[in-house]
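Student: Starting off with a structure, shown below.
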2 protein chains.
Amino acid sequence: MKYSTKLSDTIHLLVFLCLAAGERMTSARIAESVKTNPAYIRQLMSALKRGGLITSDRGQANAALTRDAEQITMLDIYRAIEGKKPLLHMDIHTNPECGVGVNIQLAIGDFYREIQDAAEKKMQEITLRDIIEHYYEKAEIPESQRL
Amino acid sequence: MKYSTKLSDTIHLLVFLCLAAGERMTSARIAESVKTNPAYIRQLMSALKRGGLITSDRGQANAALTRDAEQITMLDIYRAIEGKKPLLHMDIHTNPECGVGVNIQLAIGDFYREIQDAAEKKMQEITLRDIIEHYYEKAEIPESQRL
DNA sequence: CACCATGTAATTTTAATAATAACATCTATA
DNA sequence: TATAGATGTTATTATTAAAATTACATGGTG
């Protein structure tokens, strides 16, 4: 399949929203930057809304964070849009006739869990504010123009 | 796309190989346990060979680890079969006209790198021996029957 | 009312992976 | 030496998760 870029696109969306503070961002405007279509952006925003990270109103462009950017972690975003989807995937099609196969996959699953936990711990340490700050540096936006 | 189960299948393959110490495992036998086809197994083994983790001879079933199971980490296996493929994927299709889009993705990339490092550090701590031991526990193989 | 926005479901297209097929080459053995 | 069976490798097809797209109901604003 394609690789999922949902997390990247959602972070992009959120940063864009923050940078345009005041200015009302439509899904069409955001889609232009992400180079995708408005419906996809709205789907991501819908997931963010379900996850309690943003509010938005039907009929008008009025999305906003429900809390400060430093209170939103990358893990919060990941959970909102990818749910419980893991980074590594077990093979659940092994031969059930083969006891070895089944138990090896179960054993692998426990180690995958550890790796997932390590990754999620790091995700939890990264806030939307951190990403915005780092974006400012990358883009070399002068301090005076930052929010 | 489909989710990649290459890592899971390759670990499966290696454990299977270790458990059958002595007995010569053909790609057909292994494929039966993983419930796939022999050519796929040979492809995985080919990658392991390129990565220097196993040896094998053309014409006869004779695969073997190049070093002890405790000297092979999950990261070694991941590198051999997935190369530099990351766990999280950036969106490289953002609008190049939009400086914001490009720089946000660059900023995201740096944080993804941190997450990748955390996951790889954990992978490096897990050896093939650990997985085999844990399999023995899962399968409740009596100590007397373990290798 | 007219226009433009969101919200959402359904469908189509794209792309990474596993599955499969085909075959050259090597080994062991009868 | 001939044959059976194994690996090594490439090419093709099928599968499947994701993004793209379409469609439209619904709500807000001038």
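To be explicit about the labels: the chains of the structure tokens are called A, B, and onward in the order shown, and within each one the residues are counted from 1, while ligands get numbers from 1 in the order they are shown.
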With only C-alpha atoms (C1' of nucleotides) considered, list every residue of chain D at most 12 Å from chain A, as an NGL selection string.
Tutor: :D and (15-23 or 25-29)
Student: Export, as an mmCIF file, in the first residue's frame, the selected residues with C-alpha atoms (C1' of nucleotides).
Tutor:
data_model
loop_
_atom_site.group_PDB
_atom_site.id
_atom_site.type_symbol
_atom_site.label_atom_id
_atom_site.label_comp_id
_atom_site.auth_asym_id
_atom_site.auth_seq_id
_atom_site.Cartn_x
_atom_site.Cartn_y
_atom_site.Cartn_z
ATOM 1 C "C1'" DT D 15 -3.977 -7.912 -2.514
ATOM 2 C "C1'" DT D 16 -4.820 -4.228 0.463
ATOM 3 C "C1'" DA D 17 -4.399 0.177 2.982
ATOM 4 C "C1'" DA D 18 -4.187 4.805 1.927
ATOM 5 C "C1'" DA D 19 -5.065 9.125 -0.550
ATOM 6 C "C1'" DA D 20 -7.840 11.239 -3.974
ATOM 7 C "C1'" DT D 21 -12.128 12.300 -5.533
ATOM 8 C "C1'" DT D 22 -17.090 12.777 -5.860
ATOM 9 C "C1'" DA D 23 -21.394 13.835 -4.031
ATOM 10 C "C1'" DA D 25 -26.755 17.141 3.169
ATOM 11 C "C1'" DT D 26 -26.444 20.846 6.325
ATOM 12 C "C1'" DG D 27 -25.381 25.247 8.423
ATOM 13 C "C1'" DG D 28 -23.947 30.284 8.443
ATOM 14 C "C1'" DT D 29 -23.719 34.990 6.425
#
Student: Rotate and translate chain A onto chain B via least squares on all in-order Cα pairs, then write the result as a PDB file with C-alpha atoms, in the first residue's frame.
Tutor:
ATOM      1  CA  MET A   1      -1.066  -0.817   0.803  1.00  0.00           C
ATOM      2  CA  LYS A   2      -0.643  -3.912   2.821  1.00  0.00           C
ATOM      3  CA  TYR A   3       1.248  -3.577   6.056  1.00  0.00           C
ATOM      4  CA  SER A   4       4.748  -4.977   5.894  1.00  0.00           C
ATOM      5  CA  THR A   5       5.153  -8.167   7.904  1.00  0.00           C
ATOM      6  CA  LYS A   6       8.670  -8.739   6.641  1.00  0.00           C
ATOM      7  CA  LEU A   7      10.268  -8.158  10.033  1.00  0.00           C
ATOM      8  CA  SER A   8       7.838 -10.523  11.750  1.00  0.00           C
ATOM      9  CA  ASP A   9       8.259 -13.157   9.085  1.00  0.00           C
ATOM     10  CA  THR A  10      12.041 -12.886   9.145  1.00  0.00           C
ATOM     11  CA  ILE A  11      12.211 -13.244  12.920  1.00  0.00           C
ATOM     12  CA  HIS A  12       9.868 -16.200  12.613  1.00  0.00           C
ATOM     13  CA  LEU A  13      12.178 -17.706  10.040  1.00  0.00           C
ATOM     14  CA  LEU A  14      15.263 -17.221  12.181  1.00  0.00           C
ATOM     15  CA  VAL A  15      13.713 -18.668  15.320  1.00  0.00           C
ATOM     16  CA  PHE A  16      12.481 -21.618  13.311  1.00  0.00           C
ATOM     17  CA  LEU A  17      15.985 -22.119  12.000  1.00  0.00           C
ATOM     18  CA  CYS A  18      17.463 -22.025  15.476  1.00  0.00           C
ATOM     19  CA  LEU A  19      14.915 -24.409  16.947  1.00  0.00           C
ATOM     20  CA  ALA A  20      15.628 -26.925  14.231  1.00  0.00           C
ATOM     21  CA  ALA A  21      19.322 -26.992  15.058  1.00  0.00           C
ATOM     22  CA  GLY A  22      20.917 -29.843  13.209  1.00  0.00           C
ATOM     23  CA  GLU A  23      17.884 -30.627  11.100  1.00  0.00           C
ATOM     24  CA  ARG A  24      18.261 -28.990   7.712  1.00  0.00           C
ATOM     25  CA  MET A  25      15.412 -26.619   7.030  1.00  0.00           C
ATOM     26  CA  THR A  26      14.252 -26.091   3.471  1.00  0.00           C
ATOM     27  CA  SER A  27      12.534 -22.925   2.405  1.00  0.00           C
ATOM     28  CA  ALA A  28       9.477 -25.081   1.802  1.00  0.00           C
ATOM     29  CA  ARG A  29       9.341 -26.304   5.401  1.00  0.00           C
ATOM     30  CA  ILE A  30       9.727 -22.789   6.760  1.00  0.00           C
ATOM     31  CA  ALA A  31       7.129 -21.448   4.358  1.00  0.00           C
ATOM     32  CA  GLU A  32       4.678 -23.971   5.732  1.00  0.00           C
ATOM     33  CA  SER A  33       5.019 -22.571   9.249  1.00  0.00           C
ATOM     34  CA  VAL A  34       4.857 -18.957   8.144  1.00  0.00           C
ATOM     35  CA  LYS A  35       2.038 -19.934   5.789  1.00  0.00           C
ATOM     36  CA  THR A  36       3.531 -18.363   2.738  1.00  0.00           C
ATOM     37  CA  ASN A  37       5.445 -19.594  -0.285  1.00  0.00           C
ATOM     38  CA  PRO A  38       9.046 -20.799  -0.475  1.00  0.00           C
ATOM     39  CA  ALA A  39      10.157 -18.068  -2.861  1.00  0.00           C
ATOM     40  CA  TYR A  40       9.198 -15.365  -0.378  1.00  0.00           C
ATOM     41  CA  ILE A  41      11.157 -17.129   2.351  1.00  0.00           C
ATOM     42  CA  ARG A  42      14.160 -17.360   0.065  1.00  0.00           C
ATOM     43  CA  GLN A  43      13.873 -13.650  -0.659  1.00  0.00           C
ATOM     44  CA  LEU A  44      14.020 -12.906   3.053  1.00  0.00           C
ATOM     45  CA  MET A  45      16.938 -15.273   3.493  1.00  0.00           C
ATOM     46  CA  SER A  46      18.677 -13.615   0.606  1.00  0.00           C
ATOM     47  CA  ALA A  47      18.401 -10.295   2.407  1.00  0.00           C
ATOM     48  CA  LEU A  48      19.726 -11.852   5.614  1.00  0.00           C
ATOM     49  CA  LYS A  49      22.651 -13.224   3.682  1.00  0.00           C
ATOM     50  CA  ARG A  50      23.399  -9.820   2.152  1.00  0.00           C
ATOM     51  CA  GLY A  51      23.212  -8.382   5.655  1.00  0.00           C
ATOM     52  CA  GLY A  52      25.764 -10.902   6.844  1.00  0.00           C
ATOM     53  CA  LEU A  53      23.452 -12.580   9.343  1.00  0.00           C
ATOM     54  CA  ILE A  54      23.279 -16.042   7.830  1.00  0.00           C
ATOM     55  CA  THR A  55      25.141 -18.256   5.420  1.00  0.00           C
ATOM     56  CA  SER A  56      23.516 -20.623   2.987  1.00  0.00           C
ATOM     57  CA  ASP A  57      24.517 -22.798   0.091  1.00  0.00           C
ATOM     58  CA  ARG A  58      22.962 -23.017  -3.304  1.00  0.00           C
ATOM     59  CA  GLY A  59      21.532 -26.387  -4.086  1.00  0.00           C
ATOM     60  CA  GLN A  60      21.112 -27.650  -0.546  1.00  0.00           C
ATOM     61  CA  ALA A  61      19.222 -26.684   2.588  1.00  0.00           C
ATOM     62  CA  ASN A  62      22.042 -25.571   4.801  1.00  0.00           C
ATOM     63  CA  ALA A  63      21.317 -22.158   6.259  1.00  0.00           C
ATOM     64  CA  ALA A  64      22.960 -21.159   9.510  1.00  0.00           C
ATOM     65  CA  LEU A  65      23.561 -18.087  11.627  1.00  0.00           C
ATOM     66  CA  THR A  66      26.942 -16.439  11.172  1.00  0.00           C
ATOM     67  CA  ARG A  67      27.088 -15.716  14.903  1.00  0.00           C
ATOM     68  CA  ASP A  68      25.351 -16.635  18.139  1.00  0.00           C
ATOM     69  CA  ALA A  69      21.715 -15.655  18.601  1.00  0.00           C
ATOM     70  CA  GLU A  70      22.649 -13.333  21.458  1.00  0.00           C
ATOM     71  CA  GLN A  71      24.853 -11.406  19.051  1.00  0.00           C
ATOM     72  CA  ILE A  72      22.019 -10.694  16.631  1.00  0.00           C
ATOM     73  CA  THR A  73      19.708  -7.810  17.506  1.00  0.00           C
ATOM     74  CA  MET A  74      16.298  -6.971  16.146  1.00  0.00           C
ATOM     75  CA  LEU A  75      17.863  -3.860  14.661  1.00  0.00           C
ATOM     76  CA  ASP A  76      20.350  -5.987  12.724  1.00  0.00           C
ATOM     77  CA  ILE A  77      17.432  -7.918  11.271  1.00  0.00           C
ATOM     78  CA  TYR A  78      15.438  -4.777  10.531  1.00  0.00           C
ATOM     79  CA  ARG A  79      18.372  -3.199   8.725  1.00  0.00           C
ATOM     80  CA  ALA A  80      18.973  -6.331   6.699  1.00  0.00           C
ATOM     81  CA  ILE A  81      15.436  -6.568   5.407  1.00  0.00           C
ATOM     82  CA  GLU A  82      13.988  -3.056   5.561  1.00  0.00           C
ATOM     83  CA  GLY A  83      17.171  -1.086   5.093  1.00  0.00           C
ATOM     84  CA  LYS A  84      16.681   2.552   5.943  1.00  0.00           C
ATOM     85  CA  LYS A  85      12.892   2.480   5.750  1.00  0.00           C
ATOM     86  CA  PRO A  86      11.534   4.618   8.594  1.00  0.00           C
ATOM     87  CA  LEU A  87       8.564   3.837  10.820  1.00  0.00           C
ATOM     88  CA  LEU A  88       6.924   7.194  10.169  1.00  0.00           C
ATOM     89  CA  HIS A  89       6.657   8.794   6.768  1.00  0.00           C
ATOM     90  CA  MET A  90       6.840  12.441   5.801  1.00  0.00           C
ATOM     91  CA  ASP A  91       4.582  13.848   3.142  1.00  0.00           C
ATOM     92  CA  ILE A  92       6.939  14.780   0.344  1.00  0.00           C
ATOM     93  CA  HIS A  93       4.143  15.936  -1.946  1.00  0.00           C
ATOM     94  CA  THR A  94       3.394  19.221  -0.204  1.00  0.00           C
ATOM     95  CA  ASN A  95       3.108  22.306  -2.333  1.00  0.00           C
ATOM     96  CA  PRO A  96       6.627  23.494  -3.185  1.00  0.00           C
ATOM     97  CA  GLU A  97       5.168  26.899  -3.954  1.00  0.00           C
ATOM     98  CA  CYS A  98       4.293  27.083  -0.302  1.00  0.00           C
ATOM     99  CA  GLY A  99       7.386  27.796   1.787  1.00  0.00           C
ATOM    100  CA  VAL A 100       5.440  27.017   4.904  1.00  0.00           C
ATOM    101  CA  GLY A 101       4.625  23.527   3.705  1.00  0.00           C
ATOM    102  CA  VAL A 102       8.173  22.616   2.808  1.00  0.00           C
ATOM    103  CA  ASN A 103       9.666  23.881   6.048  1.00  0.00           C
ATOM    104  CA  ILE A 104       7.024  22.275   8.214  1.00  0.00           C
ATOM    105  CA  GLN A 105       7.824  18.916   6.689  1.00  0.00           C
ATOM    106  CA  LEU A 106      11.529  19.477   7.285  1.00  0.00           C
ATOM    107  CA  ALA A 107      10.806  20.325  10.907  1.00  0.00           C
ATOM    108  CA  ILE A 108       8.622  17.237  11.265  1.00  0.00           C
ATOM    109  CA  GLY A 109      11.404  15.135   9.778  1.00  0.00           C
ATOM    110  CA  ASP A 110      13.789  16.076  12.579  1.00  0.00           C
ATOM    111  CA  PHE A 111      11.303  14.959  15.212  1.00  0.00           C
ATOM    112  CA  TYR A 112      10.594  11.756  13.331  1.00  0.00           C
ATOM    113  CA  ARG A 113      14.290  11.110  13.476  1.00  0.00           C
ATOM    114  CA  GLU A 114      14.187  11.324  17.271  1.00  0.00           C
ATOM    115  CA  ILE A 115      11.304   8.868  17.428  1.00  0.00           C
ATOM    116  CA  GLN A 116      13.089   6.544  15.036  1.00  0.00           C
ATOM    117  CA  ASP A 117      16.190   6.685  17.203  1.00  0.00           C
ATOM    118  CA  ALA A 118      14.201   5.809  20.316  1.00  0.00           C
ATOM    119  CA  ALA A 119      12.633   2.839  18.566  1.00  0.00           C
ATOM    120  CA  GLU A 120      15.932   1.658  17.126  1.00  0.00           C
ATOM    121  CA  LYS A 121      17.652   1.944  20.485  1.00  0.00           C
ATOM    122  CA  LYS A 122      15.071  -0.435  21.895  1.00  0.00           C
ATOM    123  CA  MET A 123      15.432  -2.757  18.903  1.00  0.00           C
ATOM    124  CA  GLN A 124      19.125  -2.878  19.537  1.00  0.00           C
ATOM    125  CA  GLU A 125      18.519  -4.101  23.069  1.00  0.00           C
ATOM    126  CA  ILE A 126      16.479  -7.085  21.911  1.00  0.00           C
ATOM    127  CA  THR A 127      18.444 -10.089  20.694  1.00  0.00           C
ATOM    128  CA  LEU A 128      17.334 -13.133  18.786  1.00  0.00           C
ATOM    129  CA  ARG A 129      18.200 -15.089  21.916  1.00  0.00           C
ATOM    130  CA  ASP A 130      15.728 -12.985  23.930  1.00  0.00           C
ATOM    131  CA  ILE A 131      13.000 -13.757  21.432  1.00  0.00           C
ATOM    132  CA  ILE A 132      13.743 -17.475  21.495  1.00  0.00           C
ATOM    133  CA  GLU A 133      13.682 -17.475  25.297  1.00  0.00           C
ATOM    134  CA  HIS A 134      10.407 -15.629  25.333  1.00  0.00           C
ATOM    135  CA  TYR A 135       8.989 -18.020  22.776  1.00  0.00           C
ATOM    136  CA  TYR A 136       9.874 -20.943  25.068  1.00  0.00           C
ATOM    137  CA  GLU A 137       7.905 -19.293  27.846  1.00  0.00           C
ATOM    138  CA  LYS A 138       4.917 -18.510  25.653  1.00  0.00           C
ATOM    139  CA  ALA A 139       4.839 -22.035  24.308  1.00  0.00           C
ATOM    140  CA  GLU A 140       5.446 -23.470  27.766  1.00  0.00           C
ATOM    141  CA  ILE A 141       8.218 -25.699  26.525  1.00  0.00           C
ATOM    142  CA  PRO A 142       9.701 -27.522  29.534  1.00  0.00           C
ATOM    143  CA  GLU A 143      13.251 -26.512  30.382  1.00  0.00           C
ATOM    144  CA  SER A 144      14.457 -29.982  29.593  1.00  0.00           C
ATOM    145  CA  GLN A 145      13.410 -29.633  25.967  1.00  0.00           C
ATOM    146  CA  ARG A 146      15.013 -26.276  25.365  1.00  0.00           C
ATOM    147  CA  LEU A 147      18.282 -25.720  23.534  1.00  0.00           C
TER     148      LEU A 147
END
Student: Counting only C-alpha atoms (C1' of nucleotides), which residues from chain C have an atom at most 10 Å from any atom of chain A, and could you show them as a ChimeraX atom specification?
Tutor: /C:4-8,14-17
Student: Generate the output file for the selected residues, N, CA and C atoms (P, O5', C5', C4', C3', O3' and C1' of nucleotides), as a CSV table (one decimal), in the first residue's frame.
Tutor:
chain,number,residue,atom,x,y,z
C,4,DC,P,-19.3,31.8,-3.9
C,4,DC,O5',-18.7,31.3,-2.6
C,4,DC,C5',-18.6,32.1,-1.4
C,4,DC,C4',-18.7,31.2,-0.2
C,4,DC,C3',-17.7,30.1,-0.2
C,4,DC,O3',-16.9,30.1,0.9
C,4,DC,C1',-19.8,29.4,0.6
C,5,DA,P,-15.5,29.3,0.9
C,5,DA,O5',-15.6,28.3,2.2
C,5,DA,C5',-15.6,28.9,3.5
C,5,DA,C4',-16.4,28.0,4.4
C,5,DA,C3',-16.0,26.6,4.5
C,5,DA,O3',-15.0,26.4,5.5
C,5,DA,C1',-18.4,26.8,4.4
C,6,DT,P,-14.3,25.0,5.7
C,6,DT,O5',-15.4,24.2,6.5
C,6,DT,C5',-15.8,24.6,7.8
C,6,DT,C4',-17.0,23.8,8.3
C,6,DT,C3',-16.6,22.3,8.6
C,6,DT,O3',-17.2,22.0,9.9
C,6,DT,C1',-18.3,22.2,7.0
C,7,DG,P,-16.7,20.7,10.6
C,7,DG,O5',-17.6,19.5,10.1
C,7,DG,C5',-19.0,19.6,10.3
C,7,DG,C4',-19.7,18.3,9.9
C,7,DG,C3',-18.8,17.0,10.1
C,7,DG,O3',-19.7,16.0,10.6
C,7,DG,C1',-19.4,17.2,7.8
C,8,DT,P,-19.1,14.6,11.1
C,8,DT,O5',-19.4,13.7,9.9
C,8,DT,C5',-20.7,13.8,9.3
C,8,DT,C4',-20.7,12.9,8.0
C,8,DT,C3',-19.9,11.7,8.1
C,8,DT,O3',-20.6,10.6,7.7
C,8,DT,C1',-19.5,12.8,6.1
C,14,DT,P,-4.4,6.9,-10.8
C,14,DT,O5',-3.6,6.5,-9.5
C,14,DT,C5',-3.5,7.5,-8.4
C,14,DT,C4',-2.7,6.9,-7.3
C,14,DT,C3',-1.3,6.3,-7.7
C,14,DT,O3',-0.4,6.9,-6.9
C,14,DT,C1',-2.5,4.8,-6.3
C,15,DA,P,1.2,6.6,-7.2
C,15,DA,O5',1.6,5.5,-6.1
C,15,DA,C5',1.4,5.8,-4.7
C,15,DA,C4',1.7,4.6,-3.9
C,15,DA,C3',3.0,3.9,-4.3
C,15,DA,O3',3.6,3.4,-3.2
C,15,DA,C1',1.2,2.4,-4.4
C,16,DA,P,5.2,3.4,-3.0
C,16,DA,O5',5.4,2.2,-1.9
C,16,DA,C5',4.7,2.4,-0.7
C,16,DA,C4',4.4,1.0,-0.1
C,16,DA,C3',5.6,0.0,-0.2
C,16,DA,O3',5.6,-0.7,1.1
C,16,DA,C1',3.7,-0.9,-1.3
C,17,DT,P,6.8,-1.7,1.4
C,17,DT,O5',6.1,-3.1,1.4
C,17,DT,C5',4.9,-3.3,2.1
C,17,DT,C4',4.2,-4.5,1.7
C,17,DT,C3',5.1,-5.7,1.6
C,17,DT,O3',4.8,-6.6,2.7
C,17,DT,C1',3.6,-5.6,-0.2
